[in-house]
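Enquirer: Below is the file work37.csv, which contains CSV, C-alpha atoms and all ligand atoms.
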```csv
chain,number,residue,atom,x,y,z
P,1,MET,CA,-77.9,159.2,-168.0
P,2,HIS,CA,-80.6,161.6,-169.3
P,3,ILE,CA,-84.1,161.0,-168.0
P,4,LEU,CA,-87.3,162.5,-169.4
P,5,LEU,CA,-89.9,163.0,-166.6
P,6,SER,CA,-93.6,163.5,-167.2
P,7,ASN,CA,-96.9,162.8,-165.5
P,8,ASP,CA,-100.6,163.4,-165.8
P,9,ASP,CA,-101.3,165.3,-162.6
P,10,GLY,CA,-99.7,168.4,-164.1
P,11,ILE,CA,-96.3,170.1,-163.8
P,12,LEU,CA,-97.2,171.6,-160.4
P,13,ALA,CA,-98.0,168.2,-158.9
P,14,PRO,CA,-96.0,167.3,-155.7
P,15,GLY,CA,-95.5,163.7,-157.0
P,16,LEU,CA,-93.6,165.0,-160.0
P,17,ALA,CA,-91.3,167.2,-157.9
P,18,ALA,CA,-90.6,164.3,-155.5
P,19,MET,CA,-89.7,162.0,-158.3
P,20,TYR,CA,-87.5,164.7,-159.9
P,21,ARG,CA,-85.5,165.1,-156.7
P,22,GLU,CA,-84.8,161.4,-156.4
P,23,LEU,CA,-84.0,160.8,-160.1
P,24,LEU,CA,-81.2,163.4,-159.9
P,25,ALA,CA,-79.3,160.6,-158.2
P,26,LEU,CA,-79.3,158.7,-161.6
P,27,GLY,CA,-78.4,161.7,-163.9
P,28,ARG,CA,-79.8,164.7,-165.7
P,29,VAL,CA,-83.5,165.1,-165.6
P,30,SER,CA,-85.6,167.0,-168.1
P,31,VAL,CA,-89.3,167.7,-167.3
P,32,ALA,CA,-92.1,168.0,-169.8
P,33,ALA,CA,-95.5,167.8,-168.2
P,34,PRO,CA,-99.1,169.0,-168.7
P,35,GLU,CA,-99.9,172.5,-167.8
P,36,SER,CA,-103.2,171.3,-166.1
P,37,PRO,CA,-104.2,168.1,-164.5
P,38,GLN,CA,-104.9,165.4,-167.1
P,39,SER,CA,-105.8,162.3,-165.0
P,40,ALA,CA,-107.8,159.7,-167.0
P,41,ALA,CA,-106.6,161.3,-170.3
P,42,ALA,CA,-105.4,157.8,-171.3
P,43,HIS,CA,-103.4,157.8,-174.5
P,44,GLY,CA,-105.1,160.9,-176.0
P,45,ILE,CA,-103.1,163.3,-178.1
P,46,THR,CA,-103.9,166.7,-179.5
P,47,VAL,CA,-104.6,166.5,-183.2
P,48,HIS,CA,-107.0,169.3,-184.0
P,49,GLY,CA,-105.1,172.3,-182.6
P,50,PRO,CA,-101.8,173.7,-181.5
P,51,VAL,CA,-100.0,172.7,-178.3
P,52,ALA,CA,-98.6,175.7,-176.4
P,53,VAL,CA,-95.4,175.2,-174.5
P,54,ARG,CA,-93.8,177.4,-171.8
P,55,ARG,CA,-90.6,176.9,-169.9
P,56,ILE,CA,-91.4,177.5,-166.2
P,57,HIS,CA,-89.7,177.3,-162.8
P,58,VAL,CA,-91.5,175.1,-160.3
P,59,HIS,CA,-91.4,175.0,-156.5
P,60,ASP,CA,-87.8,176.3,-156.6
P,61,ALA,CA,-87.0,172.7,-157.6
P,62,PHE,CA,-86.7,172.5,-161.3
P,63,THR,CA,-87.3,174.3,-164.7
P,64,GLY,CA,-89.4,172.3,-167.1
P,65,TYR,CA,-91.6,172.5,-170.1
P,66,SER,CA,-95.2,173.2,-169.3
P,67,VAL,CA,-97.3,171.8,-172.1
P,68,ALA,CA,-100.9,172.7,-172.8
P,69,GLY,CA,-101.7,169.2,-173.9
P,70,ARG,CA,-102.1,165.6,-172.9
P,71,PRO,CA,-99.6,163.4,-171.2
P,72,ALA,CA,-98.7,161.6,-174.4
P,73,ASP,CA,-98.3,165.0,-176.2
P,74,CYS,CA,-95.7,166.0,-173.6
P,75,VAL,CA,-93.5,163.0,-174.2
P,76,LYS,CA,-94.0,163.0,-178.0
P,77,LEU,CA,-93.2,166.7,-178.2
P,78,ALA,CA,-90.2,166.5,-175.8
P,79,VAL,CA,-88.6,163.7,-177.6
P,80,THR,CA,-89.1,165.1,-181.1
P,81,GLU,CA,-88.7,168.8,-180.5
P,82,LEU,CA,-87.9,170.0,-177.0
P,83,LEU,CA,-85.0,168.0,-175.7
P,84,ASP,CA,-81.4,168.7,-176.7
P,85,SER,CA,-80.6,165.0,-176.7
P,86,PRO,CA,-82.7,161.8,-176.6
P,87,PRO,CA,-83.5,160.4,-173.2
P,88,ASP,CA,-82.0,157.2,-171.9
P,89,LEU,CA,-85.2,156.6,-169.9
P,90,VAL,CA,-88.7,158.0,-169.7
P,91,VAL,CA,-90.3,158.1,-166.2
P,92,SER,CA,-93.9,159.2,-165.6
P,93,GLY,CA,-95.2,160.1,-162.1
P,94,ILE,CA,-95.5,159.9,-159.3
P,95,ASN,CA,-99.2,159.7,-159.9
P,96,ASP,CA,-101.6,160.7,-157.1
P,97,GLY,CA,-103.5,157.4,-157.1
P,98,ALA,CA,-102.9,153.8,-158.1
P,99,ASN,CA,-102.9,152.7,-161.7
P,100,VAL,CA,-103.7,149.0,-161.4
P,101,SER,CA,-106.2,146.8,-163.1
P,102,ILE,CA,-108.5,148.5,-165.5
P,103,ASN,CA,-107.2,151.9,-164.5
P,104,VAL,CA,-104.1,151.2,-166.6
P,105,LEU,CA,-106.4,151.8,-169.6
P,106,TYR,CA,-107.7,155.1,-168.3
P,107,SER,CA,-104.4,156.4,-167.0
P,108,GLY,CA,-102.5,159.3,-168.4
P,109,THR,CA,-99.6,158.4,-166.2
P,110,VAL,CA,-99.2,155.0,-167.9
P,111,ALA,CA,-99.8,156.6,-171.3
P,112,ALA,CA,-97.0,159.1,-170.9
P,113,ALA,CA,-94.6,156.2,-170.1
P,114,ALA,CA,-96.2,154.1,-172.9
P,115,GLU,CA,-95.5,156.9,-175.4
P,116,GLY,CA,-91.9,156.8,-174.3
P,117,ALA,CA,-91.8,153.1,-174.9
P,118,LEU,CA,-93.5,153.4,-178.3
P,119,LEU,CA,-90.9,156.0,-179.3
P,120,GLY,CA,-88.2,153.4,-178.4
P,121,PHE,CA,-87.0,154.2,-174.9
P,122,PRO,CA,-87.1,152.2,-171.7
P,123,ALA,CA,-90.1,153.6,-169.7
P,124,VAL,CA,-91.4,153.4,-166.2
P,125,ALA,CA,-94.7,154.6,-164.8
P,126,VAL,CA,-94.9,155.2,-161.0
P,127,SER,CA,-98.1,155.6,-159.0
P,128,LEU,CA,-98.9,155.9,-155.3
P,129,ARG,CA,-102.2,154.6,-154.0
P,130,GLN,CA,-104.2,157.3,-152.2
P,131,GLY,CA,-104.5,157.1,-148.5
P,132,VAL,CA,-105.0,159.3,-145.6
P,133,GLU,CA,-101.5,160.6,-146.1
P,134,ARG,CA,-99.8,160.9,-149.5
P,135,ASP,CA,-96.0,161.0,-148.8
P,136,PHE,CA,-94.6,161.5,-152.2
P,137,PRO,CA,-91.0,162.0,-151.1
P,138,GLN,CA,-91.2,158.6,-149.3
P,139,ALA,CA,-92.8,157.1,-152.4
P,140,ALA,CA,-90.0,158.5,-154.6
P,141,ARG,CA,-87.4,157.0,-152.2
P,142,ILE,CA,-89.1,153.6,-152.6
P,143,ALA,CA,-89.3,153.9,-156.4
P,144,LEU,CA,-85.7,155.0,-157.0
P,145,PRO,CA,-84.0,151.7,-156.2
P,146,LEU,CA,-86.6,149.8,-158.2
P,147,ILE,CA,-85.9,152.0,-161.2
P,148,ARG,CA,-82.2,151.5,-160.6
P,149,THR,CA,-82.7,147.8,-160.6
P,150,LEU,CA,-84.6,148.0,-163.9
P,151,LEU,CA,-81.7,150.0,-165.5
P,152,ASP,CA,-79.0,147.8,-164.0
P,153,ARG,CA,-80.7,144.6,-165.2
P,154,GLY,CA,-81.1,146.1,-168.7
P,155,LEU,CA,-84.7,147.3,-169.1
P,156,SER,CA,-84.4,147.7,-172.9
P,157,SER,CA,-85.6,150.1,-175.5
P,158,GLY,CA,-89.4,150.1,-175.9
P,159,GLN,CA,-90.1,148.2,-172.7
P,160,LEU,CA,-92.6,149.6,-170.2
P,161,VAL,CA,-92.8,148.7,-166.5
P,162,ASN,CA,-95.7,149.9,-164.3
P,163,ILE,CA,-94.8,150.4,-160.6
P,164,ASN,CA,-97.5,150.9,-158.0
P,165,ILE,CA,-96.7,151.8,-154.5
P,166,PRO,CA,-99.3,150.9,-151.8
P,167,ASP,CA,-100.9,153.3,-149.4
P,168,LEU,CA,-98.1,154.2,-147.0
P,169,THR,CA,-100.4,155.4,-144.2
P,170,ALA,CA,-100.0,152.2,-142.3
P,171,GLY,CA,-96.2,152.0,-142.8
P,172,PRO,CA,-93.7,151.1,-145.4
P,173,PRO,CA,-94.5,148.4,-148.0
P,174,ARG,CA,-94.0,144.8,-147.0
P,175,GLY,CA,-92.0,144.1,-150.1
P,176,VAL,CA,-92.1,144.0,-153.9
P,177,ARG,CA,-94.3,141.6,-155.9
P,178,ILE,CA,-94.0,141.1,-159.6
P,179,ALA,CA,-97.6,140.7,-160.7
P,180,PRO,CA,-99.8,140.7,-163.8
P,181,GLN,CA,-102.3,143.4,-164.3
P,182,ALA,CA,-105.8,142.6,-162.9
P,183,THR,CA,-108.7,142.9,-165.3
P,184,ARG,CA,-111.4,143.8,-162.7
P,185,MET,CA,-113.8,146.5,-163.7
P,186,ILE,CA,-114.5,149.4,-161.3
P,187,GLU,CA,-118.0,149.6,-160.0
P,188,ASP,CA,-118.3,153.3,-160.7
P,189,LYS,CA,-121.4,155.2,-159.8
P,190,PHE,CA,-122.8,158.4,-161.2
P,191,VAL,CA,-124.3,160.9,-158.8
P,192,ARG,CA,-127.2,162.8,-160.4
P,193,HIS,CA,-128.1,166.4,-159.6
P,194,CYS,CA,-130.3,169.0,-161.2
P,195,ALA,CA,-128.6,172.1,-162.6
P,196,PRO,CA,-130.1,175.6,-162.2
P,197,ASP,CA,-131.2,175.5,-165.8
P,198,GLY,CA,-133.2,172.4,-165.3
P,199,ARG,CA,-130.9,169.9,-166.9
P,200,ASP,CA,-129.7,166.8,-165.1
P,201,TYR,CA,-126.0,166.4,-164.7
P,202,TYR,CA,-124.0,163.4,-163.6
P,203,TRP,CA,-120.8,163.3,-161.5
P,204,LEU,CA,-118.6,160.1,-161.8
P,205,THR,CA,-117.9,158.8,-158.3
P,206,PRO,CA,-115.2,156.1,-158.2
P,207,GLY,CA,-116.3,152.8,-156.6
P,208,ASP,CA,-114.4,149.7,-155.6
P,209,PHE,CA,-113.0,147.2,-158.0
P,210,SER,CA,-115.5,144.4,-158.7
P,211,HIS,CA,-114.7,141.2,-157.0
P,212,SER,CA,-113.3,138.3,-158.9
P,213,PRO,CA,-112.6,135.0,-157.4
P,214,GLY,CA,-109.2,133.4,-156.9
P,215,GLY,CA,-106.7,133.2,-159.8
P,216,GLU,CA,-103.2,134.6,-160.0
P,217,GLN,CA,-102.1,137.3,-157.6
P,218,THR,CA,-102.4,140.5,-159.5
P,219,ASP,CA,-101.2,144.1,-159.2
P,220,LEU,CA,-104.4,145.0,-157.3
P,221,ASP,CA,-103.9,142.1,-154.9
P,222,ALA,CA,-100.3,143.2,-154.3
P,223,LEU,CA,-101.5,146.7,-153.3
P,224,ASN,CA,-104.3,145.4,-151.2
P,225,GLU,CA,-101.7,143.4,-149.3
P,226,ARG,CA,-99.4,146.5,-149.0
P,227,PHE,CA,-96.8,145.2,-151.5
P,228,VAL,CA,-95.3,147.3,-154.2
P,229,ALA,CA,-96.6,145.9,-157.5
P,230,VAL,CA,-94.2,145.8,-160.5
P,231,THR,CA,-95.9,144.9,-163.8
P,232,PRO,CA,-94.4,144.7,-167.3
P,233,LEU,CA,-96.9,146.0,-169.8
P,234,HIS,CA,-97.2,145.9,-173.6
P,235,PHE,CA,-99.6,147.4,-176.0
P,236,ASP,CA,-100.3,144.7,-178.5
P,237,LEU,CA,-104.1,144.4,-177.7
P,238,THR,CA,-104.5,141.3,-180.0
P,239,ARG,CA,-106.3,138.5,-178.3
P,240,TYR,CA,-104.2,135.7,-179.9
P,241,ALA,CA,-106.5,132.8,-178.9
P,242,GLY,CA,-109.2,134.6,-180.9
P,243,LEU,CA,-107.2,134.6,-184.2
P,244,ASP,CA,-107.7,130.8,-184.6
P,245,ASP,CA,-111.4,131.0,-184.0
P,246,LEU,CA,-112.0,133.9,-186.4
P,247,ARG,CA,-109.8,132.3,-189.1
P,248,LYS,CA,-112.2,129.3,-189.1
P,249,TRP,CA,-115.2,131.5,-190.0
P,250,ASP,CA,-116.3,132.4,-193.5
P,251,TRP,CA,-115.1,135.9,-194.2
P,252,SER,CA,-116.1,136.2,-197.9
P,253,LEU,CA,-117.1,139.7,-198.9
P,254,GLY,CA,-120.3,138.4,-200.5
P,255,GLU,CA,-121.3,138.5,-204.1
P,256,ASP,CA,-123.0,141.2,-206.1
R,301,MN,MN,-103.2,161.4,-162.2
```
Take the structure from the file and write it as C-alpha cells.
Ligand code: MN

Expert:
Amino acid sequence: MHILLSNDDGILAPGLAAMYRELLALGRVSVAAPESPQSAAAHGITVHGPVAVRRIHVHDAFTGYSVAGRPADCVKLAVTELLDSPPDLVVSGINDGANVSINVLYSGTVAAAAEGALLGFPAVAVSLRQGVERDFPQAARIALPLIRTLLDRGLSSGQLVNINIPDLTAGPPRGVRIAPQATRMIEDKFVRHCAPDGRDYYWLTPGDFSHSPGGEQTDLDALNERFVAVTPLHFDLTRYAGLDDLRKWDWSLGED
C-alpha cells in the first residue's frame, strides 16, 4: 500500500506529521505538501508561474516534497511527476479546523483529496475541529481505523470521503455518524481598521454557522454533538432538478 499524504496547513503542520505516523501502519507514505499555509485555498492551482519543489526533512519524522504552490498543485504534481509509483490512496490532513458545511467549498484540505479523486484514486480528507486543545496524535489514532474501514470495504478509485473529528477537549468522540454535508452559510464578519496611510482595511473574522431549522442530521450537527462525521463527496455541481425547468424555457439565440 502506497499512500500520498498532503494537506493545506503546510508541510510543517503538526496535523500532517501526526497523520503520517499513523498511516505508516497501512504501508509506505509519500508526502507532498505546501511550503506555506494554504488554508481556504479551495481548489486553486498555479497556472501563471512555476511551482518550486524542495525535498525537506521535517520534525525528524519524515522526508517529503515541499511545494511552493496550492494544495491541489501538490497532489497533481506528486502524481504526475514526483512519485516513483502511483498511490493506492490519497489522504489530506489532518487539518487544523473542521471542514464541514460550506467550508467544504473553501477548504484546501478537501481540495487536495478531491484532486486525488479526480486523478482516479481513492481519497480521504481528515480535519479536526478546533478546541481549547488540538490533540493531533489522538485525532490521527481516531482517523486510522476509519481509513482502514474505507479501504477494507473497497473505497474505489475516484471516490472521496470527508472525515471530520469533533473537538476532543471534552473527551473522545461519542461515535461515528454518516452524514450529508450541511449547506449553512457562515455568518462571517469583517473588522475594519484604518491603515497608517489612511486606507481602510478589513480583516475577515469567522462567525458561527447560520441557523437552519430541522431537516436531516448533517456533518455539522454530528460535530456539534461530538460525533465523528463521515461524508461521501462528489464534484458534479449540476443541480439536476434545474435541468428540467431550464429545458422548458425558450433558448433560441434570437434572429438578426
Ligand atoms: Mn487548513

Enquirer: What separation in Å, quoted to one decimal, exists between CA of Leu4 (chain P) and CA of Ile142 (chain P)?

Expert: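 Distance reported for this atom pair: 19.1 Å.
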
Enquirer: Taking only C-alpha atoms into account, name the residue in P:Gln138, P:Gln38, P:Ser85, P:Gln130 that is nearest to Met19 (chain P).

Expert: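 Between P:Gln138, P:Gln38, P:Ser85, P:Gln130, the residue approaching Met19 (chain P) most closely is P:Gln138.
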
Enquirer: Show me which residues line ligand MN 301 (chain R), defined as having an atom within 12 Å of a ligand atom where all atoms listed in the file count, and present them as a PDB file with C-alpha atoms, keeping the file's coordinate frame.

Expert:
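Okay, this is what ended up in result-v2.pdb:
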```pdb
ATOM      1  CA  SER P   6     -93.600 163.500-167.200  1.00  0.00           C
ATOM      2  CA  ASN P   7     -96.900 162.800-165.500  1.00  0.00           C
ATOM      3  CA  ASP P   8    -100.600 163.400-165.800  1.00  0.00           C
ATOM      4  CA  ASP P   9    -101.300 165.300-162.600  1.00  0.00           C
ATOM      5  CA  GLY P  10     -99.700 168.400-164.100  1.00  0.00           C
ATOM      6  CA  ILE P  11     -96.300 170.100-163.800  1.00  0.00           C
ATOM      7  CA  LEU P  12     -97.200 171.600-160.400  1.00  0.00           C
ATOM      8  CA  ALA P  13     -98.000 168.200-158.900  1.00  0.00           C
ATOM      9  CA  PRO P  14     -96.000 167.300-155.700  1.00  0.00           C
ATOM     10  CA  GLY P  15     -95.500 163.700-157.000  1.00  0.00           C
ATOM     11  CA  LEU P  16     -93.600 165.000-160.000  1.00  0.00           C
ATOM     12  CA  ALA P  33     -95.500 167.800-168.200  1.00  0.00           C
ATOM     13  CA  PRO P  34     -99.100 169.000-168.700  1.00  0.00           C
ATOM     14  CA  SER P  36    -103.200 171.300-166.100  1.00  0.00           C
ATOM     15  CA  PRO P  37    -104.200 168.100-164.500  1.00  0.00           C
ATOM     16  CA  GLN P  38    -104.900 165.400-167.100  1.00  0.00           C
ATOM     17  CA  SER P  39    -105.800 162.300-165.000  1.00  0.00           C
ATOM     18  CA  ALA P  40    -107.800 159.700-167.000  1.00  0.00           C
ATOM     19  CA  ALA P  41    -106.600 161.300-170.300  1.00  0.00           C
ATOM     20  CA  ALA P  42    -105.400 157.800-171.300  1.00  0.00           C
ATOM     21  CA  ARG P  70    -102.100 165.600-172.900  1.00  0.00           C
ATOM     22  CA  PRO P  71     -99.600 163.400-171.200  1.00  0.00           C
ATOM     23  CA  SER P  92     -93.900 159.200-165.600  1.00  0.00           C
ATOM     24  CA  GLY P  93     -95.200 160.100-162.100  1.00  0.00           C
ATOM     25  CA  ILE P  94     -95.500 159.900-159.300  1.00  0.00           C
ATOM     26  CA  ASN P  95     -99.200 159.700-159.900  1.00  0.00           C
ATOM     27  CA  ASP P  96    -101.600 160.700-157.100  1.00  0.00           C
ATOM     28  CA  GLY P  97    -103.500 157.400-157.100  1.00  0.00           C
ATOM     29  CA  ALA P  98    -102.900 153.800-158.100  1.00  0.00           C
ATOM     30  CA  ASN P  99    -102.900 152.700-161.700  1.00  0.00           C
ATOM     31  CA  ASN P 103    -107.200 151.900-164.500  1.00  0.00           C
ATOM     32  CA  VAL P 104    -104.100 151.200-166.600  1.00  0.00           C
ATOM     33  CA  TYR P 106    -107.700 155.100-168.300  1.00  0.00           C
ATOM     34  CA  SER P 107    -104.400 156.400-167.000  1.00  0.00           C
ATOM     35  CA  GLY P 108    -102.500 159.300-168.400  1.00  0.00           C
ATOM     36  CA  THR P 109     -99.600 158.400-166.200  1.00  0.00           C
ATOM     37  CA  VAL P 110     -99.200 155.000-167.900  1.00  0.00           C
ATOM     38  CA  ALA P 111     -99.800 156.600-171.300  1.00  0.00           C
ATOM     39  CA  ALA P 112     -97.000 159.100-170.900  1.00  0.00           C
ATOM     40  CA  ALA P 125     -94.700 154.600-164.800  1.00  0.00           C
ATOM     41  CA  VAL P 126     -94.900 155.200-161.000  1.00  0.00           C
ATOM     42  CA  SER P 127     -98.100 155.600-159.000  1.00  0.00           C
ATOM     43  CA  LEU P 128     -98.900 155.900-155.300  1.00  0.00           C
ATOM     44  CA  ARG P 129    -102.200 154.600-154.000  1.00  0.00           C
ATOM     45  CA  GLN P 130    -104.200 157.300-152.200  1.00  0.00           C
TER      46      GLN P 130
END
```

Enquirer: Can you tell me, as a PyMOL selection string, which residues sit within 12 Å of (-100.4, 141.7, -154.4) in the file's frame, using only C-alpha atoms?

Expert: chain P and resi 100-101+164-166+173-182+215-231

Enquirer: Please compute the CA of Arg148 (chain P)-CA of Arg55 (chain P) distance, one decimal, in Å.

Expert: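 Taking CA of Arg148 (chain P) and CA of Arg55 (chain P), their separation equals 28.3 Å.
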
Enquirer: Counting all atoms listed in the file, figure out which residue out of P:Asp88, P:Asp200, P:Glu187, P:Asp135 gets nearest to Ser156 (chain P).

Expert: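 Checking each candidate against Ser156 (chain P), we get P:Asp88 as the closest.
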
Enquirer: CA of Ser210 (chain P) and CA of Val191 (chain P), how far apart in Å?

Expert: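 Computing the Euclidean distance for CA of Val191 (chain P) and CA of Ser210 (chain P) yields 18.7 Å.
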